[in-house]
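J.: Contents are mmCIF, N, CA and C atoms and all ligand atoms; file name coords-v2.cif:
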data_target
loop_
_atom_site.label_atom_id
_atom_site.label_comp_id
_atom_site.auth_asym_id
_atom_site.auth_seq_id
_atom_site.Cartn_x
_atom_site.Cartn_y
_atom_site.Cartn_z
N MET A 1 22.63 159.56 164.38
CA MET A 1 22.32 158.37 163.58
C MET A 1 23.51 157.40 163.63
N ARG A 2 23.20 156.18 163.90
CA ARG A 2 24.24 155.17 163.98
C ARG A 2 24.51 154.61 162.58
N THR A 3 25.76 154.70 162.14
CA THR A 3 26.06 154.25 160.78
C THR A 3 26.93 153.00 160.75
N GLN A 4 27.60 152.69 161.86
CA GLN A 4 28.47 151.51 161.86
C GLN A 4 27.68 150.26 162.20
N ARG A 5 27.87 149.22 161.38
CA ARG A 5 27.12 147.99 161.60
C ARG A 5 28.07 146.81 161.62
N GLN A 6 27.60 145.72 162.19
CA GLN A 6 28.36 144.47 162.22
C GLN A 6 29.78 144.72 162.71
N VAL A 7 29.88 145.41 163.83
CA VAL A 7 31.19 145.76 164.35
C VAL A 7 31.88 144.52 164.92
N VAL A 8 33.11 144.27 164.47
CA VAL A 8 33.92 143.18 165.01
C VAL A 8 35.09 143.83 165.74
N ASP A 9 35.21 143.49 167.03
CA ASP A 9 36.23 144.10 167.87
C ASP A 9 37.42 143.15 168.01
N TYR A 10 38.62 143.66 167.77
CA TYR A 10 39.81 142.80 167.83
C TYR A 10 40.68 143.10 169.05
N SER A 11 40.10 143.76 170.06
CA SER A 11 40.93 144.16 171.19
C SER A 11 41.42 142.95 172.00
N LEU A 12 40.66 141.86 172.01
CA LEU A 12 41.10 140.66 172.72
C LEU A 12 42.37 140.09 172.09
N GLN A 13 42.34 140.01 170.73
CA GLN A 13 43.50 139.50 170.01
C GLN A 13 44.71 140.39 170.25
N LYS A 14 44.45 141.70 170.25
CA LYS A 14 45.54 142.65 170.45
C LYS A 14 46.16 142.47 171.84
N ARG A 15 45.29 142.32 172.84
CA ARG A 15 45.80 142.14 174.20
C ARG A 15 46.62 140.85 174.30
N ALA A 16 46.17 139.80 173.61
CA ALA A 16 46.89 138.53 173.64
C ALA A 16 48.28 138.69 173.02
N VAL A 17 48.35 139.44 171.91
CA VAL A 17 49.64 139.66 171.25
C VAL A 17 50.57 140.44 172.18
N LEU A 18 50.02 141.50 172.80
CA LEU A 18 50.85 142.33 173.68
C LEU A 18 51.35 141.52 174.88
N ARG A 19 50.48 140.63 175.39
CA ARG A 19 50.89 139.78 176.51
C ARG A 19 52.06 138.87 176.09
N ASP A 20 51.93 138.31 174.89
CA ASP A 20 52.99 137.42 174.40
C ASP A 20 54.30 138.17 174.21
N VAL A 21 54.20 139.44 173.79
CA VAL A 21 55.43 140.23 173.62
C VAL A 21 56.07 140.45 174.99
N ARG A 22 55.24 140.80 175.99
CA ARG A 22 55.78 141.04 177.33
C ARG A 22 56.37 139.78 177.93
N ASN A 23 55.73 138.62 177.66
CA ASN A 23 56.24 137.34 178.16
C ASN A 23 57.49 136.90 177.43
N GLY A 24 57.78 137.55 176.32
CA GLY A 24 58.93 137.14 175.52
C GLY A 24 58.62 135.98 174.60
N ARG A 25 57.33 135.63 174.48
CA ARG A 25 56.98 134.50 173.59
C ARG A 25 57.07 134.90 172.13
N ILE A 26 56.81 136.17 171.84
CA ILE A 26 57.07 136.65 170.48
C ILE A 26 57.92 137.91 170.55
N SER A 27 58.74 138.06 169.55
CA SER A 27 59.66 139.19 169.52
C SER A 27 58.93 140.46 169.07
N PRO A 28 59.28 141.60 169.65
CA PRO A 28 58.66 142.85 169.18
C PRO A 28 58.87 143.06 167.68
N LEU A 29 59.95 142.51 167.17
CA LEU A 29 60.23 142.66 165.73
C LEU A 29 59.12 142.04 164.89
N GLU A 30 58.53 140.97 165.42
CA GLU A 30 57.48 140.27 164.66
C GLU A 30 56.19 141.07 164.58
N VAL A 31 55.94 141.90 165.60
CA VAL A 31 54.68 142.65 165.61
C VAL A 31 54.87 144.11 165.17
N CYS A 32 56.11 144.54 165.09
CA CYS A 32 56.40 145.91 164.65
C CYS A 32 56.85 145.87 163.20
N ASP A 33 55.92 145.47 162.35
CA ASP A 33 56.28 145.19 160.96
C ASP A 33 55.43 145.99 159.98
N ALA A 34 54.99 147.20 160.41
CA ALA A 34 54.18 148.03 159.50
C ALA A 34 54.94 148.28 158.20
N SER A 35 54.27 148.08 157.09
CA SER A 35 54.91 148.29 155.79
C SER A 35 55.07 149.79 155.55
N PRO A 36 55.96 150.16 154.62
CA PRO A 36 56.09 151.59 154.28
C PRO A 36 54.75 152.18 153.84
N TYR A 37 53.90 151.37 153.19
CA TYR A 37 52.58 151.85 152.74
C TYR A 37 51.70 152.18 153.93
N LEU A 38 51.73 151.30 154.91
CA LEU A 38 50.90 151.52 156.10
C LEU A 38 51.37 152.77 156.85
N LYS A 39 52.69 152.93 156.95
CA LYS A 39 53.21 154.10 157.66
C LYS A 39 52.91 155.40 156.88
N ASN A 40 52.98 155.31 155.58
CA ASN A 40 52.59 156.47 154.75
C ASN A 40 51.13 156.81 154.95
N ALA A 41 50.29 155.77 154.95
CA ALA A 41 48.85 155.98 155.15
C ALA A 41 48.61 156.63 156.50
N ALA A 42 49.36 156.20 157.51
CA ALA A 42 49.22 156.79 158.84
C ALA A 42 49.60 158.27 158.81
N THR A 43 50.64 158.60 158.05
CA THR A 43 51.09 159.99 157.97
C THR A 43 50.08 160.87 157.24
N PHE A 44 49.55 160.37 156.13
CA PHE A 44 48.73 161.24 155.28
C PHE A 44 47.22 161.11 155.52
N HIS A 45 46.76 159.95 156.00
CA HIS A 45 45.32 159.74 156.18
C HIS A 45 44.96 159.37 157.60
N GLY A 46 45.95 159.24 158.48
CA GLY A 46 45.68 158.72 159.82
C GLY A 46 45.02 159.72 160.75
N GLU A 47 44.38 159.17 161.77
CA GLU A 47 43.78 159.98 162.83
C GLU A 47 44.65 159.83 164.07
N PRO A 48 45.16 160.95 164.59
CA PRO A 48 45.96 160.84 165.82
C PRO A 48 45.10 160.43 167.01
N THR A 49 45.68 159.72 167.94
CA THR A 49 44.96 159.34 169.17
C THR A 49 45.76 159.84 170.37
N ASP A 50 45.16 159.72 171.56
CA ASP A 50 45.85 160.09 172.79
C ASP A 50 46.53 158.89 173.42
N GLU A 51 46.47 157.76 172.72
CA GLU A 51 46.97 156.53 173.31
C GLU A 51 48.44 156.31 172.93
N ARG A 52 49.27 156.08 173.94
CA ARG A 52 50.68 155.80 173.69
C ARG A 52 50.86 154.42 173.06
N CYS A 53 51.89 154.31 172.25
CA CYS A 53 52.21 153.01 171.67
C CYS A 53 52.51 152.02 172.79
N PRO A 54 51.86 150.84 172.80
CA PRO A 54 52.07 149.88 173.89
C PRO A 54 53.45 149.22 173.82
N ILE A 55 54.15 149.35 172.73
CA ILE A 55 55.45 148.69 172.58
C ILE A 55 56.61 149.63 172.94
N CYS A 56 56.68 150.78 172.27
CA CYS A 56 57.85 151.65 172.48
C CYS A 56 57.55 152.81 173.43
N ARG A 57 56.28 153.18 173.58
CA ARG A 57 55.86 154.29 174.45
C ARG A 57 56.52 155.62 174.07
N ARG A 58 56.98 155.72 172.83
CA ARG A 58 57.63 156.96 172.40
C ARG A 58 56.66 157.90 171.70
N GLU A 59 55.63 157.31 171.08
CA GLU A 59 54.75 158.12 170.25
C GLU A 59 53.30 157.67 170.45
N ASN A 60 52.35 158.56 170.17
CA ASN A 60 50.95 158.17 170.23
C ASN A 60 50.57 157.38 168.99
N LEU A 61 49.61 156.51 169.15
CA LEU A 61 49.16 155.67 168.03
C LEU A 61 48.35 156.50 167.03
N THR A 62 48.39 156.04 165.79
CA THR A 62 47.60 156.66 164.73
C THR A 62 46.65 155.60 164.19
N LEU A 63 45.40 155.99 163.95
CA LEU A 63 44.42 155.05 163.39
C LEU A 63 44.31 155.25 161.88
N VAL A 64 44.36 154.13 161.15
CA VAL A 64 44.19 154.19 159.71
C VAL A 64 42.93 153.41 159.34
N HIS A 65 42.06 154.03 158.54
CA HIS A 65 40.82 153.38 158.11
C HIS A 65 40.97 152.92 156.67
N TYR A 66 40.98 151.60 156.48
CA TYR A 66 41.01 151.03 155.13
C TYR A 66 39.58 150.67 154.73
N VAL A 67 39.20 151.04 153.52
CA VAL A 67 37.82 150.79 153.09
C VAL A 67 37.82 149.84 151.89
N TYR A 68 37.04 148.78 152.02
CA TYR A 68 36.90 147.79 150.95
C TYR A 68 35.45 147.69 150.51
N GLY A 69 35.23 147.43 149.23
CA GLY A 69 33.88 147.24 148.74
C GLY A 69 33.89 147.21 147.22
N ASP A 70 32.99 146.41 146.64
CA ASP A 70 32.94 146.26 145.18
C ASP A 70 32.70 147.60 144.48
N GLU A 71 31.87 148.45 145.11
CA GLU A 71 31.51 149.71 144.45
C GLU A 71 32.69 150.67 144.35
N LEU A 72 33.70 150.45 145.17
CA LEU A 72 34.85 151.37 145.16
C LEU A 72 35.76 151.12 143.97
N LYS A 73 35.58 149.94 143.34
CA LYS A 73 36.40 149.56 142.18
C LYS A 73 37.89 149.70 142.47
N GLN A 74 38.59 150.51 141.66
CA GLN A 74 40.06 150.54 141.80
C GLN A 74 40.53 151.18 143.09
N SER A 75 39.62 151.93 143.75
CA SER A 75 40.07 152.56 144.99
C SER A 75 39.78 151.69 146.21
N ALA A 76 39.29 150.46 146.01
CA ALA A 76 39.05 149.55 147.12
C ALA A 76 40.38 149.25 147.81
N GLY A 77 40.34 149.22 149.13
CA GLY A 77 41.54 148.92 149.87
C GLY A 77 42.39 150.13 150.17
N GLN A 78 41.91 151.32 149.80
CA GLN A 78 42.67 152.53 150.10
C GLN A 78 42.34 153.04 151.49
N ALA A 79 43.31 153.77 152.03
CA ALA A 79 43.09 154.41 153.33
C ALA A 79 42.29 155.68 153.14
N HIS A 80 41.39 155.94 154.09
CA HIS A 80 40.58 157.15 154.04
C HIS A 80 40.67 157.88 155.38
N LYS A 81 40.60 159.18 155.31
CA LYS A 81 40.51 159.97 156.54
C LYS A 81 39.17 159.71 157.21
N ALA A 82 39.14 159.79 158.54
CA ALA A 82 37.90 159.53 159.27
C ALA A 82 36.79 160.47 158.81
N ALA A 83 37.17 161.70 158.44
CA ALA A 83 36.16 162.69 158.02
C ALA A 83 35.50 162.29 156.70
N GLU A 84 36.14 161.42 155.93
CA GLU A 84 35.56 161.00 154.64
C GLU A 84 34.57 159.86 154.81
N LEU A 85 34.60 159.20 155.96
CA LEU A 85 33.76 158.00 156.13
C LEU A 85 32.26 158.30 156.08
N PRO A 86 31.78 159.39 156.72
CA PRO A 86 30.34 159.66 156.62
C PRO A 86 29.89 159.88 155.17
N VAL A 87 30.76 160.46 154.35
CA VAL A 87 30.43 160.67 152.94
C VAL A 87 30.32 159.32 152.23
N LEU A 88 31.28 158.44 152.49
CA LEU A 88 31.22 157.10 151.90
C LEU A 88 29.96 156.37 152.35
N ALA A 89 29.61 156.55 153.62
CA ALA A 89 28.43 155.86 154.16
C ALA A 89 27.16 156.28 153.43
N MET A 90 27.12 157.53 152.96
CA MET A 90 25.93 158.02 152.27
C MET A 90 25.95 157.69 150.78
N THR A 91 27.13 157.56 150.19
CA THR A 91 27.19 157.37 148.74
C THR A 91 27.28 155.90 148.34
N LEU A 92 27.79 155.04 149.22
CA LEU A 92 27.94 153.63 148.87
C LEU A 92 26.81 152.82 149.48
N ARG A 93 26.48 151.73 148.80
CA ARG A 93 25.46 150.85 149.38
C ARG A 93 26.05 150.06 150.54
N GLU A 94 27.23 149.51 150.33
CA GLU A 94 27.88 148.83 151.45
C GLU A 94 29.38 148.75 151.24
N CYS A 95 30.12 148.98 152.30
CA CYS A 95 31.56 148.77 152.27
C CYS A 95 32.01 148.28 153.64
N GLN A 96 33.21 147.76 153.68
CA GLN A 96 33.79 147.27 154.93
C GLN A 96 34.94 148.18 155.33
N VAL A 97 34.93 148.60 156.57
CA VAL A 97 36.01 149.46 157.07
C VAL A 97 36.86 148.66 158.04
N PHE A 98 38.17 148.67 157.81
CA PHE A 98 39.14 148.02 158.71
C PHE A 98 39.94 149.12 159.38
N VAL A 99 39.91 149.13 160.71
CA VAL A 99 40.64 150.16 161.45
C VAL A 99 41.91 149.53 162.02
N VAL A 100 43.05 150.10 161.63
CA VAL A 100 44.35 149.58 162.06
C VAL A 100 45.05 150.65 162.88
N GLU A 101 45.62 150.26 164.02
CA GLU A 101 46.41 151.23 164.77
C GLU A 101 47.88 151.03 164.41
N VAL A 102 48.57 152.15 164.28
CA VAL A 102 49.96 152.12 163.84
C VAL A 102 50.79 153.03 164.73
N CYS A 103 52.01 152.59 165.04
CA CYS A 103 52.97 153.48 165.68
C CYS A 103 53.98 153.87 164.61
N ARG A 104 54.10 155.17 164.38
CA ARG A 104 55.02 155.61 163.33
C ARG A 104 56.46 155.59 163.81
N SER A 105 56.65 155.36 165.10
CA SER A 105 58.00 155.31 165.63
C SER A 105 58.60 153.90 165.51
N CYS A 106 57.90 152.89 166.07
CA CYS A 106 58.49 151.54 166.09
C CYS A 106 57.82 150.59 165.10
N SER A 107 56.79 151.04 164.40
CA SER A 107 56.09 150.23 163.38
C SER A 107 55.15 149.18 163.95
N TRP A 108 54.85 149.27 165.24
CA TRP A 108 53.80 148.40 165.80
C TRP A 108 52.51 148.65 165.02
N ASN A 109 51.77 147.59 164.70
CA ASN A 109 50.47 147.77 164.04
C ASN A 109 49.59 146.60 164.37
N HIS A 110 48.29 146.88 164.51
CA HIS A 110 47.33 145.81 164.80
C HIS A 110 45.95 146.24 164.34
N LEU A 111 45.22 145.28 163.78
CA LEU A 111 43.82 145.52 163.43
C LEU A 111 43.03 145.65 164.72
N ILE A 112 42.28 146.74 164.88
CA ILE A 112 41.54 146.87 166.14
C ILE A 112 40.03 146.72 165.96
N GLU A 113 39.53 147.00 164.74
CA GLU A 113 38.09 146.96 164.57
C GLU A 113 37.75 146.83 163.09
N ARG A 114 36.61 146.22 162.83
CA ARG A 114 36.11 146.10 161.47
C ARG A 114 34.61 146.33 161.51
N TYR A 115 34.09 147.07 160.56
CA TYR A 115 32.64 147.24 160.54
C TYR A 115 32.13 147.54 159.14
N ALA A 116 30.83 147.37 158.97
CA ALA A 116 30.19 147.66 157.69
C ALA A 116 29.64 149.07 157.71
N LEU A 117 29.69 149.71 156.56
CA LEU A 117 29.22 151.08 156.44
C LEU A 117 28.47 151.16 155.12
N GLY A 118 27.49 152.07 155.04
CA GLY A 118 26.79 152.25 153.76
C GLY A 118 25.30 152.37 153.94
N ARG A 119 24.64 152.71 152.84
CA ARG A 119 23.20 152.94 152.91
C ARG A 119 22.44 151.67 153.24
N ASP A 120 22.88 150.51 152.70
CA ASP A 120 22.20 149.25 152.99
C ASP A 120 22.25 148.95 154.48
N ALA A 121 23.37 149.27 155.08
CA ALA A 121 23.52 149.00 156.51
C ALA A 121 22.52 149.82 157.31
N LEU A 122 22.22 151.02 156.82
CA LEU A 122 21.25 151.87 157.53
C LEU A 122 19.85 151.29 157.44
N VAL A 123 19.49 150.80 156.27
CA VAL A 123 18.15 150.25 156.05
C VAL A 123 17.90 149.07 156.99
N ASP A 124 18.95 148.29 157.27
CA ASP A 124 18.82 147.13 158.13
C ASP A 124 18.28 147.47 159.52
N ASP A 125 18.51 148.70 159.95
CA ASP A 125 18.09 149.10 161.29
C ASP A 125 16.59 149.32 161.41
N GLU A 126 15.91 149.48 160.28
CA GLU A 126 14.48 149.76 160.34
C GLU A 126 13.70 148.49 160.66
N PRO A 127 12.55 148.64 161.30
CA PRO A 127 11.75 147.45 161.61
C PRO A 127 11.24 146.81 160.32
N PRO A 128 10.91 145.51 160.36
CA PRO A 128 10.42 144.84 159.15
C PRO A 128 9.17 145.55 158.61
N MET A 129 9.01 145.50 157.29
CA MET A 129 7.87 146.18 156.66
C MET A 129 6.55 145.64 157.19
N GLN A 130 5.60 146.50 157.38
CA GLN A 130 4.31 146.05 157.89
C GLN A 130 3.44 145.61 156.73
N TRP A 131 3.46 144.32 156.46
CA TRP A 131 2.68 143.81 155.32
C TRP A 131 1.30 143.38 155.77
N LYS A 132 1.09 143.27 157.08
CA LYS A 132 -0.23 142.89 157.56
C LYS A 132 -0.96 144.13 158.04
N THR A 133 -1.64 144.81 157.13
CA THR A 133 -2.47 145.94 157.54
C THR A 133 -3.90 145.46 157.49
N GLY A 134 -4.52 145.38 158.59
CA GLY A 134 -5.89 144.87 158.58
C GLY A 134 -5.92 143.36 158.73
N SER A 135 -7.08 142.77 158.60
CA SER A 135 -7.26 141.35 158.90
C SER A 135 -7.35 140.51 157.63
N ASP A 136 -6.77 139.30 157.70
CA ASP A 136 -6.81 138.38 156.56
C ASP A 136 -8.22 137.86 156.29
N SER A 137 -9.12 137.95 157.29
CA SER A 137 -10.46 137.37 157.13
C SER A 137 -11.25 138.08 156.03
N HIS A 138 -10.80 139.30 155.68
CA HIS A 138 -11.50 140.05 154.62
C HIS A 138 -11.41 139.37 153.27
N VAL A 139 -10.33 138.56 153.11
CA VAL A 139 -10.08 137.96 151.78
C VAL A 139 -11.26 137.14 151.29
N TRP A 140 -11.90 136.39 152.19
CA TRP A 140 -12.95 135.48 151.75
C TRP A 140 -14.34 136.09 151.77
N GLU A 141 -14.44 137.32 152.18
CA GLU A 141 -15.76 137.95 152.24
C GLU A 141 -16.32 138.16 150.82
N GLY A 142 -17.59 137.97 150.68
CA GLY A 142 -18.22 138.16 149.38
C GLY A 142 -18.29 136.88 148.58
N ARG A 143 -17.64 135.79 149.06
CA ARG A 143 -17.69 134.54 148.32
C ARG A 143 -18.78 133.62 148.87
N ARG A 144 -19.36 134.01 149.98
CA ARG A 144 -20.37 133.13 150.56
C ARG A 144 -21.70 133.28 149.83
ZN ZN B 201 55.82 152.27 169.00
#
Take the structure I supplied and represent it as C-alpha cells, if you would.
T.:
Amino acid sequence: MRTQRQVVDYSLQKRAVLRDVRNGRISPLEVCDASPYLKNAATFHGEPTDERCPICRRENLTLVHYVYGDELKQSAGQAHKAAELPVLAMTLRECQVFVVEVCRSCSWNHLIERYALGRDALVDDEPPMQWKTGSDSHVWEGRR
C-alpha cells in the first residue's frame, strides 16, 4: 500500500548547492551548519544510509524525518524514526514529513524530500464515489 502522497523532491536543489560548493561559489561552512538539535536527532532518531557525505566523504549520511501536523500538537516538528512513520500514517488524518540528510561528521545537511502522510492521504487514492447508479431518466417516470 502506498502511503506517501504529494511527494516533493529536493534533489535538484541539493545538486545545485553541491555544484556551487565545488565551484567555490559558496563555502562549505555555509552548508555544513547542522544545529546541535539536528545532529542529536540524527544520532537518536536517524536512519543510516549507504551514501557517503558529499562534502567530507568521511561518514555515511543519516536521514532524519521531521513530522509536522496540527493533530500532533506539542510534538509537531519532532524527529521520528522511520519505523514510527507507518504508525503515524494510520493514526493521524494528515501530517507532513520532511526528510533531511545529515552528516554527523562535518554537519552537512539538506532537505531532500517532503511528503504528506495520513489516513486522509490514503482516501485520496480511491476513485471518486459512484453517485450515478442507474439512469437519471427514472426521475420523471410516473409524472406523465
Ligand atoms: Zn560530511
J.: I'd like the neighbourhood of segment 23-39 of chain A as a PyMOL selection string, where a residue qualifies if any of its atoms comes within 6.5 Å (using all atoms listed in the file), though same-chain residues fewer than 5 positions away should be ignored.
T.: chain A and resi 18+44+104+106-109
J.: Tell me, counting all atoms listed in the file, for each residue of chain A within 7 Å of ligand ZN 201 (chain B), which pair of atoms is nearest and how far apart they are in Å to one decimal, in rows ordered by chain and increasing number, as a Markdown table.
T.:
| residue | atom | partner | partner_atom | distance |
| --- | --- | --- | --- | --- |
| A:Arg52 | C | B:ZN201 | ZN | 6.8 |
| A:Cys53 | CA | B:ZN201 | ZN | 4.6 |
| A:Pro54 | N | B:ZN201 | ZN | 5.7 |
| A:Ile55 | C | B:ZN201 | ZN | 4.8 |
| A:Cys56 | N | B:ZN201 | ZN | 3.7 |
| A:Arg57 | N | B:ZN201 | ZN | 4.7 |
| A:Arg58 | N | B:ZN201 | ZN | 5.3 |
| A:Glu59 | N | B:ZN201 | ZN | 5.5 |
| A:Val102 | C | B:ZN201 | ZN | 6.6 |
| A:Cys103 | CA | B:ZN201 | ZN | 4.5 |
| A:Arg104 | N | B:ZN201 | ZN | 5.7 |
| A:Ser105 | C | B:ZN201 | ZN | 4.8 |
| A:Cys106 | N | B:ZN201 | ZN | 3.6 |
| A:Ser107 | N | B:ZN201 | ZN | 4.9 |
| A:Trp108 | N | B:ZN201 | ZN | 4.9 |
J.: Could you go through chain A and tell me which residues DSSP, when run on the backbone, assigns to strand (DSSP E), listing them as a count of residues only?
T.: 40
J.: In Å, how far is it from atom CA of Pro48 of chain A to atom CA of Val64 of chain A?
T.: 9.2 Å
J.: Enumerate as a PyMOL selection string all residues of chain A assigned to alpha helix (DSSP H) by DSSP on the backbone, naming them with the chain letters and numbers the document uses.
T.: chain A and resi 11-23+28-31+36-45+85-91+119-123
J.: For Lys14 of chain A, find every residue with an atom within 7 Å (counting only N, CA and C atoms), except residues of its own chain fewer than 4 positions away, and show them as a PDB file with N, CA and C atoms, in the coordinates of the input.
T.:
ATOM      1  N   TYR A  10      38.620 143.660 167.770  1.00  0.00           N
ATOM      2  CA  TYR A  10      39.810 142.800 167.830  1.00  0.00           C
ATOM      3  C   TYR A  10      40.680 143.100 169.050  1.00  0.00           C
ATOM      4  N   LEU A  18      50.020 141.500 172.800  1.00  0.00           N
ATOM      5  CA  LEU A  18      50.850 142.330 173.680  1.00  0.00           C
ATOM      6  C   LEU A  18      51.350 141.520 174.880  1.00  0.00           C
ATOM      7  N   ARG A  19      50.480 140.630 175.390  1.00  0.00           N
ATOM      8  CA  ARG A  19      50.890 139.780 176.510  1.00  0.00           C
ATOM      9  C   ARG A  19      52.060 138.870 176.090  1.00  0.00           C
ATOM     10  N   HIS A 110      48.290 146.880 164.510  1.00  0.00           N
ATOM     11  CA  HIS A 110      47.330 145.810 164.800  1.00  0.00           C
ATOM     12  C   HIS A 110      45.950 146.240 164.340  1.00  0.00           C
ATOM     13  N   LEU A 111      45.220 145.280 163.780  1.00  0.00           N
ATOM     14  CA  LEU A 111      43.820 145.520 163.430  1.00  0.00           C
ATOM     15  C   LEU A 111      43.030 145.650 164.720  1.00  0.00           C
TER      16      LEU A 111
END
J.: List the residues sitting within 12 Å of (33.3, 145.2, 171.9) in the file's frame, using only C-alpha atoms, as a ChimeraX atom specification.
T.: /A:6-13,112-115
J.: Which residues are close to Thr91 of chain A, i.e. within 10 Å by only C-alpha atoms, leaving aside same-chain residues fewer than 6 positions away? Reply as a list in words.
T.: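 The filter keeps Glu71, Leu85, Gly118 and Arg119 of chain A.
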J.: Taking only N, CA and C atoms into account, which of A:Ala16, A:Ala41, A:Cys95, A:Leu117 comes nearest Gly69 of chain A?
T.: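 Counting only N, CA and C atoms, the residue closest to Gly69 of chain A is A:Cys95.
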J.: In Å to one decimal, how far is atom CA of Thr62 of chain A from atom CA of Gln74 of chain A?
T.: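 Value for the atom CA of Gln74 of chain A-atom CA of Thr62 of chain A distance: 24.9 Å.
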J.: Hey, can you check how far atom CA of Leu92 of chain A sits from atom N of His45 of chain A?
T.: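 Answer for the atom CA of Leu92 of chain A to atom N of His45 of chain A separation: 21.1 Å.
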J.: Anything within 12 Å of (36.2, 157.2, 161.9): list those residues as a VMD selection string, counting only C-alpha atoms and sticking to the file's coordinates.
T.: chain A and resid 3 to 4 45 to 49 62 to 67 79 to 89 97 to 100 113 to 115 117
J.: Emit the selected residues as a CSV table (one decimal), in the coordinates of the input, including N, CA and C atoms.
T.:
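Final output, saved to selection.csv:
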chain,number,residue,atom,x,y,z
A,3,THR,N,25.8,154.7,162.1
A,3,THR,CA,26.1,154.2,160.8
A,3,THR,C,26.9,153.0,160.8
A,4,GLN,N,27.6,152.7,161.9
A,4,GLN,CA,28.5,151.5,161.9
A,4,GLN,C,27.7,150.3,162.2
A,45,HIS,N,46.8,160.0,156.0
A,45,HIS,CA,45.3,159.7,156.2
A,45,HIS,C,45.0,159.4,157.6
A,46,GLY,N,46.0,159.2,158.5
A,46,GLY,CA,45.7,158.7,159.8
A,46,GLY,C,45.0,159.7,160.8
A,47,GLU,N,44.4,159.2,161.8
A,47,GLU,CA,43.8,160.0,162.8
A,47,GLU,C,44.6,159.8,164.1
A,48,PRO,N,45.2,161.0,164.6
A,48,PRO,CA,46.0,160.8,165.8
A,48,PRO,C,45.1,160.4,167.0
A,49,THR,N,45.7,159.7,167.9
A,49,THR,CA,45.0,159.3,169.2
A,49,THR,C,45.8,159.8,170.4
A,62,THR,N,48.4,156.0,165.8
A,62,THR,CA,47.6,156.7,164.7
A,62,THR,C,46.6,155.6,164.2
A,63,LEU,N,45.4,156.0,164.0
A,63,LEU,CA,44.4,155.0,163.4
A,63,LEU,C,44.3,155.2,161.9
A,64,VAL,N,44.4,154.1,161.2
A,64,VAL,CA,44.2,154.2,159.7
A,64,VAL,C,42.9,153.4,159.3
A,65,HIS,N,42.1,154.0,158.5
A,65,HIS,CA,40.8,153.4,158.1
A,65,HIS,C,41.0,152.9,156.7
A,66,TYR,N,41.0,151.6,156.5
A,66,TYR,CA,41.0,151.0,155.1
A,66,TYR,C,39.6,150.7,154.7
A,67,VAL,N,39.2,151.0,153.5
A,67,VAL,CA,37.8,150.8,153.1
A,67,VAL,C,37.8,149.8,151.9
A,79,ALA,N,43.3,153.8,152.0
A,79,ALA,CA,43.1,154.4,153.3
A,79,ALA,C,42.3,155.7,153.1
A,80,HIS,N,41.4,155.9,154.1
A,80,HIS,CA,40.6,157.2,154.0
A,80,HIS,C,40.7,157.9,155.4
A,81,LYS,N,40.6,159.2,155.3
A,81,LYS,CA,40.5,160.0,156.5
A,81,LYS,C,39.2,159.7,157.2
A,82,ALA,N,39.1,159.8,158.5
A,82,ALA,CA,37.9,159.5,159.3
A,82,ALA,C,36.8,160.5,158.8
A,83,ALA,N,37.2,161.7,158.4
A,83,ALA,CA,36.2,162.7,158.0
A,83,ALA,C,35.5,162.3,156.7
A,84,GLU,N,36.1,161.4,155.9
A,84,GLU,CA,35.6,161.0,154.6
A,84,GLU,C,34.6,159.9,154.8
A,85,LEU,N,34.6,159.2,156.0
A,85,LEU,CA,33.8,158.0,156.1
A,85,LEU,C,32.3,158.3,156.1
A,86,PRO,N,31.8,159.4,156.7
A,86,PRO,CA,30.3,159.7,156.6
A,86,PRO,C,29.9,159.9,155.2
A,87,VAL,N,30.8,160.5,154.4
A,87,VAL,CA,30.4,160.7,152.9
A,87,VAL,C,30.3,159.3,152.2
A,88,LEU,N,31.3,158.4,152.5
A,88,LEU,CA,31.2,157.1,151.9
A,88,LEU,C,30.0,156.4,152.4
A,89,ALA,N,29.6,156.6,153.6
A,89,ALA,CA,28.4,155.9,154.2
A,89,ALA,C,27.2,156.3,153.4
A,97,VAL,N,34.9,148.6,156.6
A,97,VAL,CA,36.0,149.5,157.1
A,97,VAL,C,36.9,148.7,158.0
A,98,PHE,N,38.2,148.7,157.8
A,98,PHE,CA,39.1,148.0,158.7
A,98,PHE,C,39.9,149.1,159.4
A,99,VAL,N,39.9,149.1,160.7
A,99,VAL,CA,40.6,150.2,161.4
A,99,VAL,C,41.9,149.5,162.0
A,100,VAL,N,43.0,150.1,161.6
A,100,VAL,CA,44.4,149.6,162.1
A,100,VAL,C,45.0,150.6,162.9
A,113,GLU,N,39.5,147.0,164.7
A,113,GLU,CA,38.1,147.0,164.6
A,113,GLU,C,37.8,146.8,163.1
A,114,ARG,N,36.6,146.2,162.8
A,114,ARG,CA,36.1,146.1,161.5
A,114,ARG,C,34.6,146.3,161.5
A,115,TYR,N,34.1,147.1,160.6
A,115,TYR,CA,32.6,147.2,160.5
A,115,TYR,C,32.1,147.5,159.1
A,117,LEU,N,29.7,149.7,156.6
A,117,LEU,CA,29.2,151.1,156.4
A,117,LEU,C,28.5,151.2,155.1
J.: Extending 3 Å beyond the listed atoms of segment 94-110 of chain A on each side, what axis-aligned box results? I want centre and edge lengths in Å to one decimal, as JSON.
T.:
{"center_x": 42.9, "center_y": 150.7, "center_z": 158.2, "size_x": 37.4, "size_y": 15.8, "size_z": 21.8}
